[in-house]
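Just below is one structure, and these are the notes that go with it.
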Amino acid sequence: MVNAPTAVTALLPVLLLALTGLVLLLVDTVRPDDRSNTSMAVVSALGSLGALAATAWLVVSGTVGVDTGAVHLFADTIAVDTMALFFIAIFTSVTALVVVAAHDYFHDHSNPAAFYSLALFATTGMALLAVANSLAVVFVALEMVSLPSYVLVAFLKQNRGSVEAGMKYFLVGALSSAIFLFGISLVYAATGSLLFGDVAEAFGSIDELAGVAGIGIVMIIGGVAFKTASVPFHFWAPEAYEGAPAPVSAFLSSASKAAGFVVAFQLFTEAFPIGASVAANIDWVLAFGILAAVTMTLGNFAAAVQEEVKRMLAYSSIGHAGYALIGLAALSAGGPANGTVMGAAMAHLLVYGFMNTGAFLFVAMAERWGVGRTFADYAG
């Protein structure tokens with residue numbers, strides 16, 4: 001265990017995001033008649049950039065780094081390491097871009113504080129996902145991301161497409177959460193622990209409960225595939241991205257997708273190492289290889305035949321999920337290049353996050369200009 005100041009310091013980016021969301025709600029509650037879209041956007045952007053600066057400071061100061069190792073907190077349920085900080089940097093950067101772009105998009109909305117606070121709370125969940133070292137924390141953080149996301153997709157309550165997309169996203173998301181949680185419960189039943197390191201160690205003597213653990217791993221793969229919009233769990237993405245406000249589509253396709261991958265990377269390298277999965281008769285490397293191939297193929301071919309810009313970008317993001325899945329599919333037990341493979345997948349997610357956010361934010365501007373939704377409308 002570490003002392004309280006160290007815990008606060010290590011979790012400073014997460015705490016800043018949560019505090020910013022609470023401040024937005026407090027200001028909106030205390031002064032509901034003086035709602036200012038500009039002030040809300042400024043506070044949200046400053047909170048996101050503050051969390052990004054805190055993330056950079058943790059690395060520069062040596063509090064967390066390759067040499068110092070991870071900072072373990074709260075009985076090892078939280079582990080702040082360089083991979084976690086890398087993804088937190090992606091989450092906070094994308095959130096800052098989205099809230100700035102949302103300033104013009106929601107300039108005439110009656111309650112802008114709701115949008116900005118929900119976005120900050122969802123980002124808080126993503127940051128907590130990045131530092132989770134327990135299956136229980138993973139599930140709680142995943143719900144912290146999902147619940148605000150459902151509301152954000154349906155944020156335009158007068159728009160039938162937005163409400164319908166939010167309802168579909170909620171129904172499918174609730175089912176995937178149940179499957180993911182059931183998988184966690186089976187792994188816990190077989191290993192007797194929720195901590196990543198203890199779960200990996202327990203696979204060495206799992207014996208007759210290997211089948212139970214194997215089913216649990218399969219269910220967890222399904223939950224991760226849904227969150228990353230991988231085929232065949234992708235069908236919610238085109239509907240949600242098309243119906244949601246364009247800044248929300250940017251947020252979901254970049255930050256939320258990266259959150260799904262941080263879960264996959266942490267879980268399957270820490271809790272379910274390759275040797276452990278073989279003990280449970282589950283070759284998740286092969287499973288992710290198949291998912292990657294199918295996702296890349298279907299995502300790109302489906303994107304090529306779309307006529308609406310947002311649906312094309314949605315299917316393109318599905319294809320990019322396949323590219324990132326190669327990072328897991330190319331791992332091998334004790335492979336000397338495993339670090340390079342994971343680093344390449346993380347680099348892809350970093351570049352993809354900024355480029356895809358930019359593409360969707362351009363669509364947001366086009367929607368504000370009343371240009372239209374199809375490629376024919378964009379001509380000229």
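Each chain in the structure tokens gets a letter, A, B, ..., in the order shown, and its residues are numbered from 1; ligands are numbered from 1 in order too.
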For segment 34-100 of chain A against segment 5-12 of chain A, with a cut-off of 12 Å and counting only C-alpha atoms, what is the closest atom pair and its distance in Å to one decimal for every residue that makes the cut, ordered by chain and number, as CSV?
```
residue,atom,partner,partner_atom,distance
A:Gly47,CA,A:Leu12,CA,11.5
A:Ser48,CA,A:Leu12,CA,11.8
A:Gly50,CA,A:Leu12,CA,9.5
A:Ala51,CA,A:Leu12,CA,7.2
A:Leu52,CA,A:Leu12,CA,9.9
A:Ala53,CA,A:Leu12,CA,10.0
A:Ala54,CA,A:Leu12,CA,6.5
A:Thr55,CA,A:Leu12,CA,7.8
A:Ala56,CA,A:Leu12,CA,11.0
A:Trp57,CA,A:Leu12,CA,10.0
A:Leu58,CA,A:Ala10,CA,7.2
A:Val59,CA,A:Ala10,CA,10.3
A:Ser61,CA,A:Thr9,CA,11.2
A:Gly62,CA,A:Ala10,CA,11.0
A:Thr63,CA,A:Ala10,CA,7.4
A:Val64,CA,A:Ala10,CA,7.8
A:Gly65,CA,A:Ala10,CA,11.5
A:Ala70,CA,A:Ala10,CA,9.7
A:Val71,CA,A:Ala10,CA,7.1
A:His72,CA,A:Ala7,CA,8.7
A:Leu73,CA,A:Ala7,CA,6.5
A:Phe74,CA,A:Ala7,CA,8.5
A:Ala75,CA,A:Ala7,CA,11.7
A:Asp76,CA,A:Ala7,CA,11.7
A:Ile78,CA,A:Leu11,CA,9.3
A:Ala79,CA,A:Ala10,CA,9.2
A:Val80,CA,A:Ala10,CA,6.8
A:Asp81,CA,A:Ala10,CA,9.4
A:Thr82,CA,A:Ala10,CA,11.5
A:Ala84,CA,A:Leu11,CA,10.8
A:Leu85,CA,A:Ala10,CA,10.0
A:Ile88,CA,A:Leu11,CA,10.9
```
(request) Show which residues sit within 12 Å of Phe354 of chain A, as a list in words. Count only C-alpha atoms, and ignore same-chain residues fewer than 5 positions away. (result)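 With the cut-off at 12 Å, the set is Ala89, Ile90, Phe91, Thr92, Ser93, Val94, Thr95, Ala96, Leu97, Val98, Ala250, Phe251, Ser253, Ser254, Ala255, Ala258, Ala347, His348, Leu349, Ala359, Phe360 and Leu361 of chain A.
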Just the selected residues (C-alpha atoms), exported as a short mmCIF file (atom, residue, chain, number, x, y, z; two decimals), in the first residue's frame, please.
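Resulting contents of result-v4.cif:
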```cif
data_model
loop_
_atom_site.label_atom_id
_atom_site.label_comp_id
_atom_site.auth_asym_id
_atom_site.auth_seq_id
_atom_site.Cartn_x
_atom_site.Cartn_y
_atom_site.Cartn_z
CA ALA A 89 -3.57 10.98 -23.00
CA ILE A 90 -5.65 9.79 -25.97
CA PHE A 91 -8.92 10.06 -24.02
CA THR A 92 -8.25 13.56 -22.72
CA SER A 93 -6.98 14.88 -26.07
CA VAL A 94 -10.02 13.62 -27.97
CA THR A 95 -12.37 14.94 -25.29
CA ALA A 96 -10.79 18.41 -25.46
CA LEU A 97 -11.27 18.47 -29.24
CA VAL A 98 -14.87 17.26 -28.98
CA ALA A 250 -16.44 11.54 -32.96
CA PHE A 251 -16.23 10.87 -29.23
CA SER A 253 -15.54 6.29 -32.55
CA SER A 254 -12.23 7.57 -31.15
CA ALA A 255 -12.13 7.77 -27.35
CA ALA A 258 -9.69 3.26 -27.54
CA ALA A 347 0.60 3.96 -32.08
CA HIS A 348 -2.12 3.13 -34.58
CA LEU A 349 -4.81 3.95 -32.02
CA ALA A 359 -13.14 13.63 -39.84
CA PHE A 360 -16.26 13.51 -37.67
CA LEU A 361 -15.79 17.09 -36.52
#
```
(request) Show which residues sit within 10 Å of Ile220 of chain A, as a ChimeraX atom specification. Count only C-alpha atoms, and ignore same-chain residues fewer than 3 positions away. (result) /A:176-177,179-184,186-187,214-217,223-226,264,267
(message) Quick check, in Å to one decimal: how far apart do atom CA of Leu195 of chain A and atom CA of Ser134 of chain A lie?
(response)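 Taking atom CA of Leu195 of chain A as the start and atom CA of Ser134 of chain A as the end point, the length is 4.3 Å.
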(request) Compare A:Gly197, A:Pro112, A:Gly260, A:Gly339 by their minimum atom-to-atom distance to Ala130 of chain A, counting only C-alpha atoms, and give me the closest one. (result)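 Among the listed residues, A:Gly260 lies closest to Ala130 of chain A.
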(message) At a cut-off of 8 Å, using only C-alpha atoms, what residues contact Thr374 of chain A? Leave out same-chain residues fewer than 4 positions from it and give the result as a ChimeraX atom specification.
(response) /A:307-309,378
Take the residues from that selection and write them out as a PDB file, in the first residue's frame, keeping C-alpha atoms.
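Just written: selection_10.pdb:
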```
ATOM      1  CA  GLU A 307     -23.650   6.780 -49.688  1.00  0.00           C
ATOM      2  CA  GLU A 308     -23.923   8.674 -46.392  1.00  0.00           C
ATOM      3  CA  VAL A 309     -20.739  10.154 -44.995  1.00  0.00           C
ATOM      4  CA  TYR A 378     -20.603  17.263 -50.315  1.00  0.00           C
TER       5      TYR A 378
END
```
(request) Write out as a ChimeraX atom specification the residues lying within 10 Å of Gly334 of chain A, counting only C-alpha atoms and excluding same-chain residues fewer than 2 positions away. (result) /A:273-275,331-332,336-338
(request) One decimal, Å: what's the distance from atom CA of Tyr241 of chain A over to atom CA of Leu147 of chain A, could you say? (result)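 Interatomic distance here is 16.1 Å.
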(message) Need to verify the contact set: Ser249 of chain A, 12 Å, only C-alpha atoms, exclusion of same-chain residues closer than 3 positions in sequence. Can you return it as JSON, numbers by chain?
(response) {"A": [94, 95, 98, 102, 119, 149, 150, 152, 153, 154, 155, 162, 165, 166, 237, 238, 239, 240, 241, 242, 243, 244, 245, 246, 252, 253, 254, 255, 256, 257, 309, 310, 311, 313, 314, 317, 356, 357, 358, 359, 360, 361, 362, 363, 364]}
